[in-house]
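Data first, discussion second: the structure below is written as structure tokens.
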Amino acid sequence: MSETPLLRIDRLEAFYGDFQALYGLGLSVMPGQIVAIIGANGAGKSTLLNTIVGLNTARRDAITFDGEAIGGVPPYHIVAKGIALVPEGRKLFASLSVEENLVIGGGVKRPGPWNLAKVYELFPMLAERRASAVTELSGGQQQMVAIGRALMSNPRLLLCDELSLGLAPIVVREIYVQLRAIVASGMAAVIVEQDIGQALKIANYVYCMLEGRMALEGAAGTLTRAAIADAYFGV
Amino acid sequence: MPRALTVSRSSPMTRVASAGVALLVAAMVAAPFLASNDSLRLLIDIYLYVALACLWNFLAGYAGLVSIGQQAFVGLGGYGLFVLAAKAGVPPLVCVPIVGVLAALLSVPIASLLFRLRGAYFAISSWVVADVLRLSAIRTYYLGGGSGMSLPAQVAQSIGKSPHDRFVAVYCVAMALLLIILAAIFLLLRSRNGLALTAIRDNELSARSSGVNVDRTKLIVYVVTAFGTAMIGALIFLQRLRISPDAAFSVNDWTALVIFMVVIGGIGSFEGPIIGALIYILLRETLSNLGPAYLMILGAIAIAVMLVEPRGLWGFVRARWQVQLLPLQLKVVSYKGESL
Amino acid sequence: MQDWINTIIQGVMTGGLYAMFAIGLALIFGVMKLVNIAHGDLIVLAAYVALVVTQSLGLNPLLSLVLVVPIMALIGYLLQRGIFNRTLGGDLMPPLLVSFGLSVILQNGLLQIFSADNKRLQAGAIEVASLRLSDAINIGLLPLIQLVLAVLVIAGLQHLLYRTSIGRSFRAVSDDLRTAQLMGLNNKHVFGLAMALSLAIVALAGVLIAIRANFDPSTGPTRLIFGFEAVIIGGLSSFWGTLAGGIILGVVQAVAASFDPGLQTIAGHLAFLAVLAIRPAGLFGRTA
């Protein structure tokens, strides 16, 4: 394939004060691809997503999006360029209603198919509860709001951090079915997942992280359970 | 073979500095025999401002209680001395510790009110308390109302027959007060309470979960600070021989200036407020023709310091050159005395 | 009896003014957890700006608001982006100390430029106009306008916060600063707008009180304290609570002043300390 990657990470380092979280990471995401990132707690998966979206600083050329170096660019610019994050733990705005959470996601006003109507079409349950406080929703419904909020910015790259956290398996399955449909419309996605089975089912390509480094990578079908287990636990 | 490790507070540098401090104290004690009235007055000013700055820093920089109402205790000390000395005939210098104790007692109920609020709300409330005292003083005829009162001549005479004698007497008390306050702060910082304070300063929540009795520690600091501040207030107004509500409870003189000193010198360190106070006195003596603009300039410098280097001058020096003058911080050292 | 009623009415209307002092403070605290100690001095600054505008353009102070409000809003935006934004983000001491320093600088700066003389804004006939409700009850027109304006400001703020996109931004930023950036919000800009809004309200309050009472460079802290007391008495839960707090403070002060004018300020202080002692969350605040 001679396509240029939509997202390219090259020797990415990240620090929290004196503590180094990422050590020279590299990965690429092709347009339309779903990439899964798995790894134990503390491997640095969330740090990676946060750094891509600009919440942590990085070397300018460590992150390239659609040919443009965006390392260290503030988050509000990065969202405008077309990367959206569904944060770990949903992080919905408690003072805003369901609908307001969705609308604020579209604040960046990027052109594209996603708008309030389309999000309600995707998640009809939210339309019924549009005026409710987000704190009244179940975990699964909150996750839908978080995804919808990210979609409202019409991203070309959707980053999802631990969608399954705290949700019942049946709800998780439902959400990932929707995710497949969403991404089929031309978006690329990077999924950070604890649930390895789910990650392997939905992703085209998998990376496994261990203590801030890439321990394993490969197309989803080609990786053996044994190899994954080794990389996951650092044997 | 691993070297044996111990934990120690002192290092070659602190030992040298401690010797220097001893010399300094000796010079301070000798001063009354050598210095002129003007010099004594300047030294008294220095001692009192250094003491005020160290106390405010103790409260804000270590216990995290940023008070903009310490003038309440300065005024309480001043009025307390005037009432006891002029109305009750107590010898003025004896009034000083009495006034300190009274202020310490009063500070307990005040603290119980103020501690209900945090951060900036605590700060503004402390100002309200000071304002209540100021307004009460204005309305109290016994205290001379809005125009205040003067110290009768015979009371001033009782300290010393000649101006020089009076300066020496006040100087000795001021020096003693400064040394006691500095020693008290120093020892408290070295004690268990001191460790608690440093923990609180760094992260209150963690301190609480580690079992530090945060509320009691803060109360101790507040009471000790009130005690010291009131005694300083008593000396300030004893020197001036006059007191009025606006002077006694002045925010500019006893809070704004002090805060600027501490911020510039270095908040949260022992040496910082001392350096800040010395810088202020130096500026005041050399730039005295600037008038009220000096407060603006100091304020601007303090803001700049807070924005650029919040640790202040001493914090910057200490971090940059690894300087440590006083044996306050614990370091891990090898058995040979080299620090790791 | 009618005296009492007049006194209480006076207090209610003054309370509206105090509520306006308080709203500016409460807004900033809500959005960015900043307590601006220079708030009162900025109220006084607005009065001096109005003084310059009215003197050089010959305008009635109420008309001068058309210029003073935008000027103060701009000052607020620049102040926030230039200075306060650098202090935010964790430690509570830098914003406190910087705003305190600013307060001192403002007071002394105004002193240098304008001297310590008492000043007052002259608004002409409206200052003494009054409405007669009955034989003995007179309501000053200007104080009534103040109260109505206070209610309008609060209603306007509620509308802004809950029905506009900028209000949504304020609430989002107040909920979760980090995630708000993911919505394409530039926090620095949002904070600047919040401070601009706060100072716009400050401008209104500052001009109004400067028509009713004398001002000089040192009157700032009192304004801050009254606003602060209104916030604490009313509780932090809502702006209407702040209005109630302001009105209670105004009434307490008016009643005390009817016994002895010198008791006015201290009565307010004592009421504040009493609320602090008995119900620290405020009379209308949620507990804990």
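By convention here, the chains of the structure tokens are called A, B, ... in the order presented, each chain's residues are numbered starting at 1, and ligands are numbered starting at 1 in the order presented.
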Return as an mmCIF file with C-alpha atoms, in the first residue's frame the full set of residues in range 235-323 of chain B whose backbone-based DSSP assignment is alpha helix (DSSP H).
data_model
loop_
_atom_site.group_PDB
_atom_site.id
_atom_site.type_symbol
_atom_site.label_atom_id
_atom_site.label_comp_id
_atom_site.auth_asym_id
_atom_site.auth_seq_id
_atom_site.Cartn_x
_atom_site.Cartn_y
_atom_site.Cartn_z
ATOM 1 C CA LEU B 235 6.721 47.615 70.492
ATOM 2 C CA ILE B 236 5.937 49.507 67.303
ATOM 3 C CA PHE B 237 3.483 51.797 69.014
ATOM 4 C CA LEU B 238 5.556 52.067 72.168
ATOM 5 C CA GLN B 239 8.214 53.587 69.944
ATOM 6 C CA ARG B 240 5.783 55.928 68.236
ATOM 7 C CA PRO B 245 -7.260 53.171 64.735
ATOM 8 C CA ASP B 246 -6.108 53.822 61.184
ATOM 9 C CA ALA B 247 -2.449 53.511 62.081
ATOM 10 C CA ALA B 248 -2.951 50.506 64.344
ATOM 11 C CA VAL B 251 -3.557 47.214 55.871
ATOM 12 C CA LEU B 257 4.299 45.669 52.885
ATOM 13 C CA VAL B 258 4.894 42.476 54.813
ATOM 14 C CA ILE B 259 3.369 40.314 52.098
ATOM 15 C CA PHE B 260 5.447 41.996 49.412
ATOM 16 C CA MET B 261 8.591 41.474 51.473
ATOM 17 C CA VAL B 262 7.910 37.800 51.955
ATOM 18 C CA VAL B 263 6.954 37.190 48.351
ATOM 19 C CA ILE B 264 10.039 38.917 46.992
ATOM 20 C CA GLY B 265 12.366 37.301 49.490
ATOM 21 C CA GLU B 271 15.502 32.600 55.066
ATOM 22 C CA GLY B 272 13.207 34.135 52.438
ATOM 23 C CA PRO B 273 11.271 36.588 54.618
ATOM 24 C CA ILE B 274 14.471 37.718 56.334
ATOM 25 C CA ILE B 275 16.006 38.557 52.982
ATOM 26 C CA GLY B 276 12.806 40.202 51.796
ATOM 27 C CA ALA B 277 12.613 42.423 54.855
ATOM 28 C CA LEU B 278 16.259 43.422 54.465
ATOM 29 C CA ILE B 279 15.716 44.261 50.804
ATOM 30 C CA TYR B 280 12.733 46.400 51.737
ATOM 31 C CA ILE B 281 14.654 48.327 54.388
ATOM 32 C CA LEU B 282 17.510 48.823 51.966
ATOM 33 C CA LEU B 283 15.163 50.182 49.311
ATOM 34 C CA ARG B 284 13.402 52.377 51.831
ATOM 35 C CA GLU B 285 16.609 53.925 53.053
ATOM 36 C CA THR B 286 17.973 54.545 49.587
ATOM 37 C CA ALA B 293 4.932 55.214 44.864
ATOM 38 C CA TYR B 294 7.323 52.826 46.592
ATOM 39 C CA LEU B 295 4.357 50.688 47.595
ATOM 40 C CA MET B 296 3.321 50.486 43.963
ATOM 41 C CA ILE B 297 6.819 49.558 42.886
ATOM 42 C CA LEU B 298 7.091 46.882 45.544
ATOM 43 C CA GLY B 299 3.682 45.582 44.545
ATOM 44 C CA ALA B 300 4.697 45.415 40.918
ATOM 45 C CA ILE B 301 7.903 43.580 41.794
ATOM 46 C CA ALA B 302 5.955 41.162 43.999
ATOM 47 C CA ILE B 303 3.531 40.438 41.170
ATOM 48 C CA ALA B 304 6.385 39.909 38.758
ATOM 49 C CA VAL B 305 8.054 37.543 41.211
ATOM 50 C CA MET B 306 4.846 35.560 41.632
ATOM 51 C CA LEU B 307 4.444 35.227 37.882
ATOM 52 C CA VAL B 308 8.011 34.424 36.992
ATOM 53 C CA GLY B 312 11.105 34.240 45.350
ATOM 54 C CA LEU B 313 14.707 35.326 45.444
ATOM 55 C CA TRP B 314 15.844 32.868 48.079
ATOM 56 C CA GLY B 315 13.893 29.994 46.560
ATOM 57 C CA PHE B 316 15.613 30.671 43.261
ATOM 58 C CA VAL B 317 19.076 30.894 44.802
ATOM 59 C CA ARG B 318 18.523 27.797 46.878
ATOM 60 C CA ALA B 319 17.373 25.710 43.937
ATOM 61 C CA ARG B 320 19.897 27.034 41.459
ATOM 62 C CA TRP B 321 23.024 26.715 43.563
#
Give me, as a Markdown table, the closest atom pair and its distance (Å, one decimal) for every residue of range 217-260 of chain C within a cut-off of 12 Å of range 188-206 of chain C, counting only C-alpha atoms, rows sorted by chain and rising number.
| residue | atom | partner | partner_atom | distance |
| --- | --- | --- | --- | --- |
| C:Thr219 | CA | C:Gly206 | CA | 11.1 |
| C:Gly220 | CA | C:Gly206 | CA | 10.0 |
| C:Arg223 | CA | C:Gly206 | CA | 9.2 |
| C:Leu224 | CA | C:Val202 | CA | 10.8 |
| C:Gly227 | CA | C:Ala205 | CA | 10.8 |
Written selection (C-alpha atoms) as a compact mmCIF listing (two decimals), in the first residue's frame:
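Final file, out.txt:
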# COMPACT_ATOMS: atom_id res chain seq x y z
CA THR C 219 -12.83 53.05 49.02
CA GLY C 220 -12.13 49.92 46.98
CA ARG C 223 -16.72 47.56 48.09
CA LEU C 224 -14.91 44.24 47.87
CA GLY C 227 -19.66 42.14 47.79
Excluding same-chain residues fewer than 6 positions from Leu276 in chain C, what lies within 10 Å of it counting only C-alpha atoms, as a short mmCIF file (atom, residue, chain, number, x, y, z; two decimals) with C-alpha atoms, in the first residue's frame?
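Produced file out.cif, reproduced below:
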data_model
loop_
_atom_site.label_atom_id
_atom_site.label_comp_id
_atom_site.auth_asym_id
_atom_site.auth_seq_id
_atom_site.Cartn_x
_atom_site.Cartn_y
_atom_site.Cartn_z
CA LEU B 113 -14.63 31.36 62.85
CA LEU B 114 -12.07 31.90 60.15
CA PHE B 115 -11.10 28.26 59.71
CA ARG B 116 -14.58 27.57 58.35
CA LEU B 117 -13.41 29.13 55.11
CA SER B 125 -12.63 37.16 56.19
CA GLU C 229 -20.20 39.49 52.55
CA ILE C 232 -21.20 34.47 51.88
CA ILE C 233 -24.50 35.49 53.47
CA LEU C 270 -21.11 41.28 62.41
CA GLY C 282 -24.75 30.71 53.49
CA LEU C 283 -28.43 31.23 54.19
#
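For the pair CA of Arg134 in chain B and CA of Phe249 in chain B, the interatomic distance is 5.9 Å.
One finds CA of Gln141 in chain A at 15.8 Å from CA of Leu116 in chain A.
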**Item:** Pairwise distance for CA of Gly156 in chain C and CA of Val53 in chain C, rounded to one decimal in Å
**Value:** 26.2 Å
**Message:** Set the cut-off to 9 Å and count only C-alpha atoms: what are the residues of chain C that reach chain B? Output as a ChimeraX atom specification.
**Reply:** /C:34-37,83,86-87,92-109,111-112,224-225,228-229,232,262-263,265-266,269-270,272-273,276-277,280
Residues of chain A were defined as contacting chain C if any atom lay at most 12 Å from it, counting only C-alpha atoms; please report them as a JSON list (two decimals) with N, CA and C atoms, in the first residue's frame.
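part01.json, written as the output of this step:
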[["chain", "number", "residue", "atom", "x", "y", "z"],
["A", 50, "ASN", "N", -3.84, 11.06, 25.02],
["A", 50, "ASN", "CA", -3.84, 12.45, 25.48],
["A", 50, "ASN", "C", -2.79, 13.28, 24.78],
["A", 52, "ILE", "N", -1.58, 12.72, 21.71],
["A", 52, "ILE", "CA", -1.98, 12.94, 20.32],
["A", 52, "ILE", "C", -2.94, 14.11, 20.23],
["A", 53, "VAL", "N", -3.87, 14.20, 21.19],
["A", 53, "VAL", "CA", -4.90, 15.23, 21.10],
["A", 53, "VAL", "C", -4.43, 16.57, 21.68],
["A", 54, "GLY", "N", -3.20, 16.58, 22.20],
["A", 54, "GLY", "CA", -2.62, 17.85, 22.60],
["A", 54, "GLY", "C", -2.69, 18.17, 24.08],
["A", 55, "LEU", "N", -3.19, 17.25, 24.90],
["A", 55, "LEU", "CA", -3.28, 17.54, 26.33],
["A", 55, "LEU", "C", -1.91, 17.45, 27.00],
["A", 56, "ASN", "N", -0.96, 16.73, 26.38],
["A", 56, "ASN", "CA", 0.43, 16.75, 26.84],
["A", 56, "ASN", "C", 1.29, 17.32, 25.72],
["A", 73, "VAL", "N", 0.88, 21.14, 19.68],
["A", 73, "VAL", "CA", -0.16, 22.12, 19.31],
["A", 73, "VAL", "C", -1.29, 22.03, 20.35],
["A", 74, "PRO", "N", -1.87, 23.16, 20.77],
["A", 74, "PRO", "CA", -2.91, 23.10, 21.80],
["A", 74, "PRO", "C", -4.14, 22.34, 21.32],
["A", 75, "PRO", "N", -4.83, 21.69, 22.27],
["A", 75, "PRO", "CA", -5.95, 20.81, 21.92],
["A", 75, "PRO", "C", -7.02, 21.46, 21.05],
["A", 76, "TYR", "N", -7.32, 22.73, 21.31],
["A", 76, "TYR", "CA", -8.43, 23.31, 20.57],
["A", 76, "TYR", "C", -8.11, 23.46, 19.10],
["A", 77, "HIS", "N", -6.80, 23.55, 18.76],
["A", 77, "HIS", "CA", -6.42, 23.56, 17.35],
["A", 77, "HIS", "C", -6.54, 22.17, 16.76],
["A", 78, "ILE", "N", -6.12, 21.19, 17.56],
["A", 78, "ILE", "CA", -6.08, 19.82, 17.05],
["A", 78, "ILE", "C", -7.49, 19.32, 16.76],
["A", 79, "VAL", "N", -8.42, 19.67, 17.62],
["A", 79, "VAL", "CA", -9.81, 19.29, 17.37],
["A", 79, "VAL", "C", -10.29, 19.92, 16.06],
["A", 80, "ALA", "N", -9.89, 21.15, 15.83],
["A", 80, "ALA", "CA", -10.29, 21.84, 14.61],
["A", 80, "ALA", "C", -9.70, 21.16, 13.38],
["A", 81, "LYS", "N", -8.58, 20.48, 13.55],
["A", 81, "LYS", "CA", -7.98, 19.79, 12.40],
["A", 81, "LYS", "C", -8.63, 18.44, 12.14],
["A", 82, "GLY", "N", -9.37, 17.93, 13.09],
["A", 82, "GLY", "CA", -10.11, 16.71, 12.83],
["A", 82, "GLY", "C", -9.75, 15.50, 13.67],
["A", 83, "ILE", "N", -9.23, 15.71, 14.87],
["A", 83, "ILE", "CA", -9.01, 14.58, 15.78],
["A", 83, "ILE", "C", -9.90, 14.79, 16.99],
["A", 84, "ALA", "N", -10.68, 13.78, 17.35],
["A", 84, "ALA", "CA", -11.54, 13.91, 18.52],
["A", 84, "ALA", "C", -11.27, 12.76, 19.49],
["A", 85, "LEU", "N", -11.39, 13.04, 20.77],
["A", 85, "LEU", "CA", -11.12, 12.04, 21.80],
["A", 85, "LEU", "C", -12.38, 11.75, 22.59],
["A", 86, "VAL", "N", -12.66, 10.47, 22.78],
["A", 86, "VAL", "CA", -13.67, 10.07, 23.75],
["A", 86, "VAL", "C", -12.88, 9.68, 24.99],
["A", 87, "PRO", "N", -12.85, 10.54, 26.02],
["A", 87, "PRO", "CA", -11.88, 10.35, 27.10],
["A", 87, "PRO", "C", -12.21, 9.15, 27.99],
["A", 88, "GLU", "N", -11.19, 8.67, 28.65],
["A", 88, "GLU", "CA", -11.38, 7.61, 29.62],
["A", 88, "GLU", "C", -12.30, 8.11, 30.73],
["A", 89, "GLY", "N", -13.29, 7.28, 31.11],
["A", 89, "GLY", "CA", -14.21, 7.72, 32.14],
["A", 89, "GLY", "C", -15.26, 8.69, 31.65],
["A", 90, "ARG", "N", -15.41, 8.78, 30.37],
["A", 90, "ARG", "CA", -16.43, 9.63, 29.72],
["A", 90, "ARG", "C", -16.19, 11.12, 29.90],
["A", 91, "LYS", "N", -15.96, 11.61, 31.06],
["A", 91, "LYS", "CA", -15.70, 13.02, 31.31],
["A", 91, "LYS", "C", -16.76, 13.93, 30.68],
["A", 92, "LEU", "N", -18.01, 13.63, 30.95],
["A", 92, "LEU", "CA", -19.08, 14.51, 30.48],
["A", 92, "LEU", "C", -19.16, 15.74, 31.38],
["A", 93, "PHE", "N", -19.74, 16.82, 30.84],
["A", 93, "PHE", "CA", -19.86, 18.04, 31.64],
["A", 93, "PHE", "C", -21.10, 17.95, 32.50],
["A", 94, "ALA", "N", -20.89, 17.92, 33.81],
["A", 94, "ALA", "CA", -22.00, 17.66, 34.74],
["A", 94, "ALA", "C", -23.02, 18.80, 34.75],
["A", 95, "SER", "N", -22.59, 20.03, 34.47],
["A", 95, "SER", "CA", -23.53, 21.15, 34.51],
["A", 95, "SER", "C", -24.35, 21.26, 33.23],
["A", 96, "LEU", "N", -24.01, 20.46, 32.23],
["A", 96, "LEU", "CA", -24.71, 20.56, 30.95],
["A", 96, "LEU", "C", -25.64, 19.38, 30.77],
["A", 97, "SER", "N", -26.76, 19.61, 30.10],
["A", 97, "SER", "CA", -27.70, 18.52, 29.83],
["A", 97, "SER", "C", -27.10, 17.63, 28.74],
["A", 99, "GLU", "N", -28.22, 17.09, 25.74],
["A", 99, "GLU", "CA", -28.15, 17.79, 24.45],
["A", 99, "GLU", "C", -27.05, 18.84, 24.44],
["A", 100, "GLU", "N", -26.90, 19.55, 25.56],
["A", 100, "GLU", "CA", -25.86, 20.57, 25.61],
["A", 100, "GLU", "C", -24.47, 19.95, 25.48],
["A", 101, "ASN", "N", -24.29, 18.76, 26.07],
["A", 101, "ASN", "CA", -23.01, 18.07, 25.93],
["A", 101, "ASN", "C", -22.73, 17.76, 24.47],
["A", 102, "LEU", "N", -23.78, 17.34, 23.76],
["A", 102, "LEU", "CA", -23.59, 17.03, 22.35],
["A", 102, "LEU", "C", -23.30, 18.31, 21.57],
["A", 103, "VAL", "N", -24.08, 19.35, 21.84],
["A", 103, "VAL", "CA", -23.92, 20.59, 21.08],
["A", 103, "VAL", "C", -22.53, 21.18, 21.28],
["A", 104, "ILE", "N", -22.01, 21.10, 22.51],
["A", 104, "ILE", "CA", -20.71, 21.72, 22.75],
["A", 104, "ILE", "C", -19.62, 20.94, 22.02],
["A", 105, "GLY", "N", -19.88, 19.65, 21.79],
["A", 105, "GLY", "CA", -18.92, 18.87, 21.02],
["A", 105, "GLY", "C", -18.79, 19.40, 19.60],
["A", 106, "GLY", "N", -19.86, 20.01, 19.11],
["A", 106, "GLY", "CA", -19.84, 20.54, 17.76],
["A", 106, "GLY", "C", -19.38, 21.98, 17.69],
["A", 107, "GLY", "N", -18.90, 22.49, 18.83],
["A", 107, "GLY", "CA", -18.50, 23.89, 18.88],
["A", 107, "GLY", "C", -17.46, 24.25, 17.83],
["A", 108, "VAL", "N", -16.70, 23.24, 17.44],
["A", 108, "VAL", "CA", -15.60, 23.51, 16.53],
["A", 108, "VAL", "C", -16.09, 23.72, 15.09],
["A", 109, "LYS", "N", -17.32, 23.34, 14.84],
["A", 109, "LYS", "CA", -18.00, 23.60, 13.57],
["A", 109, "LYS", "C", -17.24, 23.12, 12.35],
["A", 110, "ARG", "N", -16.85, 21.87, 12.38],
["A", 110, "ARG", "CA", -16.21, 21.30, 11.19],
["A", 110, "ARG", "C", -17.29, 20.76, 10.28],
["A", 146, "ALA", "N", -20.82, 10.47, 25.27],
["A", 146, "ALA", "CA", -19.41, 10.82, 25.06],
["A", 146, "ALA", "C", -19.00, 10.58, 23.61],
["A", 149, "ARG", "N", -20.70, 13.17, 21.45],
["A", 149, "ARG", "CA", -20.06, 14.47, 21.62],
["A", 149, "ARG", "C", -18.81, 14.57, 20.74],
["A", 150, "ALA", "N", -18.05, 13.48, 20.71],
["A", 150, "ALA", "CA", -16.84, 13.49, 19.89],
["A", 150, "ALA", "C", -17.20, 13.53, 18.40],
["A", 151, "LEU", "N", -18.24, 12.80, 18.03],
["A", 151, "LEU", "CA", -18.63, 12.75, 16.62],
["A", 151, "LEU", "C", -19.10, 14.10, 16.11],
["A", 152, "MET", "N", -19.68, 14.90, 16.99],
["A", 152, "MET", "CA", -20.23, 16.20, 16.58],
["A", 152, "MET", "C", -19.16, 17.11, 15.99],
["A", 153, "SER", "N", -17.89, 16.82, 16.27],
["A", 153, "SER", "CA", -16.86, 17.66, 15.69],
["A", 153, "SER", "C", -16.41, 17.14, 14.33],
["A", 154, "ASN", "N", -17.15, 16.16, 13.81],
["A", 154, "ASN", "CA", -16.82, 15.60, 12.51],
["A", 154, "ASN", "C", -15.34, 15.27, 12.34],
["A", 155, "PRO", "N", -14.86, 14.40, 13.19],
["A", 155, "PRO", "CA", -13.42, 14.11, 13.13],
["A", 155, "PRO", "C", -13.10, 13.17, 11.98],
["A", 159, "LEU", "N", -10.45, 8.98, 18.55],
["A", 159, "LEU", "CA", -9.67, 8.27, 19.56],
["A", 159, "LEU", "C", -10.62, 7.84, 20.67]]
**Asked** Quick one: residues within 12 Å of Val231 in chain C, only C-alpha atoms counted, chain neighbours fewer than 3 positions away excluded, as JSON, numbers by chain?
**Response** {"B": [121, 124, 125], "C": [15, 18, 19, 20, 21, 22, 23, 24, 25, 26, 27, 29, 30, 35, 224, 225, 226, 227, 228, 234, 235, 236, 237, 238, 239, 240, 241, 242, 243, 244, 245, 246, 247, 248, 249, 272, 275, 276, 280, 281, 282, 283, 284, 285]}
**Message:** Which residues are close to range 116-128 of chain C, i.e. within 9 Å by only C-alpha atoms, leaving aside same-chain residues fewer than 2 positions away? Reply as a ChimeraX atom specification.
**Reply:** /C:47-48,50-51,54,60-62,110-112,114,130,140-143,207-218
Show me, as a short mmCIF file (atom, residue, chain, number, x, y, z; two decimals) with C-alpha atoms, in the first residue's frame, the residues that have an atom within 12 Å of range 160-165 of chain B when counting only C-alpha atoms, minus same-chain residues fewer than 2 positions from it.
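As written to disk, out_14.cif reads:
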data_model
loop_
_atom_site.label_atom_id
_atom_site.label_comp_id
_atom_site.auth_asym_id
_atom_site.auth_seq_id
_atom_site.Cartn_x
_atom_site.Cartn_y
_atom_site.Cartn_z
CA PRO B 32 23.57 49.18 72.06
CA PHE B 33 27.01 49.91 73.39
CA LEU B 34 28.29 51.19 70.10
CA ALA B 35 25.47 52.53 67.99
CA SER B 36 23.91 55.99 67.78
CA ASN B 37 20.22 56.68 68.36
CA ASP B 38 19.53 56.81 64.66
CA SER B 39 21.24 53.50 64.06
CA LEU B 40 19.39 51.95 66.95
CA ARG B 41 16.10 53.17 65.56
CA PRO B 91 5.38 49.03 83.25
CA PRO B 92 5.42 49.29 79.45
CA LEU B 93 8.04 46.64 78.79
CA ALA B 153 5.20 61.40 79.18
CA GLN B 154 5.79 59.72 82.54
CA VAL B 155 5.04 56.32 81.04
CA ALA B 156 7.65 56.92 78.35
CA GLN B 157 10.06 58.19 81.00
CA SER B 158 9.61 55.01 83.01
CA PHE B 167 16.17 53.47 72.52
CA VAL B 168 18.47 50.98 74.22
CA ALA B 169 15.62 49.56 76.28
CA VAL B 170 13.32 49.17 73.31
CA TYR B 171 16.22 47.84 71.24
CA CYS B 172 16.94 45.11 73.75
CA GLN B 239 8.21 53.59 69.94
#
**Item:** Surrounding residues of Arg201 in chain B excluding itself and chain neighbours under 2 positions, 9 Å, only C-alpha atoms, as number ranges by chain
**Value:** B: 60-64, 196-199, 203-204, 207, 268
Those residues you just picked out, can you put them in a file as a PDB file, in the first residue's frame with N, CA and C atoms?
ATOM      1  N   ALA B  60       1.465  31.685  56.331  1.00  0.00           N
ATOM      2  CA  ALA B  60       1.017  31.497  54.946  1.00  0.00           C
ATOM      3  C   ALA B  60       1.858  30.496  54.186  1.00  0.00           C
ATOM      4  N   GLY B  61       3.181  30.637  54.306  1.00  0.00           N
ATOM      5  CA  GLY B  61       4.057  29.802  53.502  1.00  0.00           C
ATOM      6  C   GLY B  61       4.145  28.383  54.017  1.00  0.00           C
ATOM      7  N   TYR B  62       4.000  28.186  55.317  1.00  0.00           N
ATOM      8  CA  TYR B  62       4.098  26.836  55.875  1.00  0.00           C
ATOM      9  C   TYR B  62       2.746  26.228  56.181  1.00  0.00           C
ATOM     10  N   ALA B  63       1.863  26.992  56.792  1.00  0.00           N
ATOM     11  CA  ALA B  63       0.559  26.413  57.146  1.00  0.00           C
ATOM     12  C   ALA B  63      -0.482  26.668  56.069  1.00  0.00           C
ATOM     13  N   GLY B  64      -0.126  27.413  55.049  1.00  0.00           N
ATOM     14  CA  GLY B  64      -1.070  27.642  53.962  1.00  0.00           C
ATOM     15  C   GLY B  64      -2.202  28.582  54.310  1.00  0.00           C
ATOM     16  N   ALA B 196       5.093  18.108  60.022  1.00  0.00           N
ATOM     17  CA  ALA B 196       3.674  18.168  59.663  1.00  0.00           C
ATOM     18  C   ALA B 196       3.400  19.374  58.781  1.00  0.00           C
ATOM     19  N   LEU B 197       4.004  20.500  59.153  1.00  0.00           N
ATOM     20  CA  LEU B 197       3.792  21.725  58.387  1.00  0.00           C
ATOM     21  C   LEU B 197       4.293  21.590  56.961  1.00  0.00           C
ATOM     22  N   THR B 198       5.482  21.043  56.816  1.00  0.00           N
ATOM     23  CA  THR B 198       6.017  20.890  55.468  1.00  0.00           C
ATOM     24  C   THR B 198       5.118  19.962  54.659  1.00  0.00           C
ATOM     25  N   ALA B 199       4.588  18.947  55.340  1.00  0.00           N
ATOM     26  CA  ALA B 199       3.663  18.056  54.643  1.00  0.00           C
ATOM     27  C   ALA B 199       2.412  18.815  54.215  1.00  0.00           C
ATOM     28  N   ASN B 203       1.177  19.200  50.355  1.00  0.00           N
ATOM     29  CA  ASN B 203      -0.089  18.620  49.893  1.00  0.00           C
ATOM     30  C   ASN B 203      -0.983  18.299  51.070  1.00  0.00           C
ATOM     31  N   GLU B 204      -1.979  19.167  51.280  1.00  0.00           N
ATOM     32  CA  GLU B 204      -2.769  19.017  52.501  1.00  0.00           C
ATOM     33  C   GLU B 204      -3.525  17.698  52.562  1.00  0.00           C
ATOM     34  N   ALA B 207      -1.328  14.957  53.456  1.00  0.00           N
ATOM     35  CA  ALA B 207      -0.930  15.093  54.859  1.00  0.00           C
ATOM     36  C   ALA B 207      -2.017  14.522  55.756  1.00  0.00           C
ATOM     37  N   GLY B 268       7.658  30.549  51.951  1.00  0.00           N
ATOM     38  CA  GLY B 268       7.770  29.121  52.211  1.00  0.00           C
ATOM     39  C   GLY B 268       9.162  28.651  52.566  1.00  0.00           C
TER      40      GLY B 268
END
**Asked** Which of these, A:Ala62, A:Leu22, A:Val98, A:Met187, has the shortest distance to Ala43 in chain A once you count only C-alpha atoms?
**Response** A:Leu22
**Message:** Taking only range 26-228 of chain A into account, list the residues labelled strand (DSSP E) by DSSP (computed from the backbone), as a count of residues only.
**Reply:** 42
